[in-house]
Amino acid sequence: MLDKDIEKVLVTQEEIFQIAKDMGKKLSKDYKDKFPLVIGLLKGCVPFMGYLLTEMDIHLEVGFMDVSSYHGGIESVGDVQILKDLGIPVHDRHIIITEDIVDTGKTIKVIKDLLLYRGAKSVIVATLLDKPEGRVVQLVPEYIGTTIPKEFVVGFGLDYDEKYRNLPYVGVLKPEIYNK
Ligand code: IMP
């Protein structure tokens with residue numbers, strides 16, 4: 001039923017599973033014996049983070065922050081609001097932020113700076129998707145699943161107006177959906 005609103009598929013479910021496997025393996029190697037704190041930025045992180053965690057064969061801690069920078073439309077408004085804070089001390093911790101997508105980079109920049117200010121030992125970004133053409137702040141995610149063009153995408157955590165997060169792949173919406 002959701003398929004009919006999608007113009008084209010950009011990243012298939014099989015590709016996402018493979019990305020989670022490869023990234024999980026690499027993170028497990030890089031963070032062995034570091035007991036990293038893996039922070040998901042809600043709500044978009046949920047499906048990818050779920051798969052990524054099960055591919056990490058090391059001890060780790062999980063935390064969440066609810067952060068908002070879009071307000072129902074297809075353009076980032078740029079002012080990042082923390083709707084729910086982490087609630088875990090980060091002093092001296094190695095932190096991996098998991099994201100669905102990095103676009104302008106503003107969300108990650110704000111959160112990264114905040115965690116470093118709070119005393120984190122290291123903060124890196126592991127994202128399913130990177131949209132480098134959208135960048136307005138200087139930020140290169142350390143772990144990138146795949147790079148996509150500057151298009152508005154939905155699925156696998158990414159929403160339009162809170163919908164389509166449950167699509168099992170990443171796709172481009174038909175323009176008539178957001179021109180309605
Ligand atoms: P940034 O601060 O512009 O990097 O945006 C990060 C957040 O904006 C992501 O976590 C997403 O929630 C949202 N976002 C950015 N691009 C898209 C998109 O193409 N579709 C849906 N949400 C997006």
# chains A, B, ... in the order shown; residues from 1 in each chain; ligands from 1

call {"tool": "residues_near_ligand", "arguments": {"ligand": "ligand 1", "cutoff": "8 Å", "atoms": "only C-alpha atoms and all ligand atoms", "output": "NGL selection string"}}
result
:A and (41-45 or 68-70 or 74-76 or 78 or 80 or 99-109 or 131 or 134-135 or 150-154 or 158-160)

call {"tool": "select_by_dssp", "arguments": {"residues": "segment 50-101 of chain A", "states": "helix (DSSP H, G or I)", "output": "PyMOL selection string"}}
result
chain A and resi 50-54

call {"tool": "closest_residue", "arguments": {"among": "A:Phe17, A:Tyr31, A:Tyr117, A:Phe156", "to": "Pro47 of chain A", "atoms": "only C-alpha atoms"}}
result
A:Phe156

call {"tool": "residues_around", "arguments": {"residues": "segment 5-8 of chain A", "least_positions_apart": "3", "cutoff": "8 Å", "atoms": "only C-alpha atoms", "output": "ChimeraX atom specification"}}
result
/A:2,171-174,177

call {"tool": "closest_residue", "arguments": {"among": "A:Pro132, A:Gly24, A:Gly119, A:Gly40", "to": "Pro149 of chain A", "atoms": "only C-alpha atoms"}}
result
A:Pro132
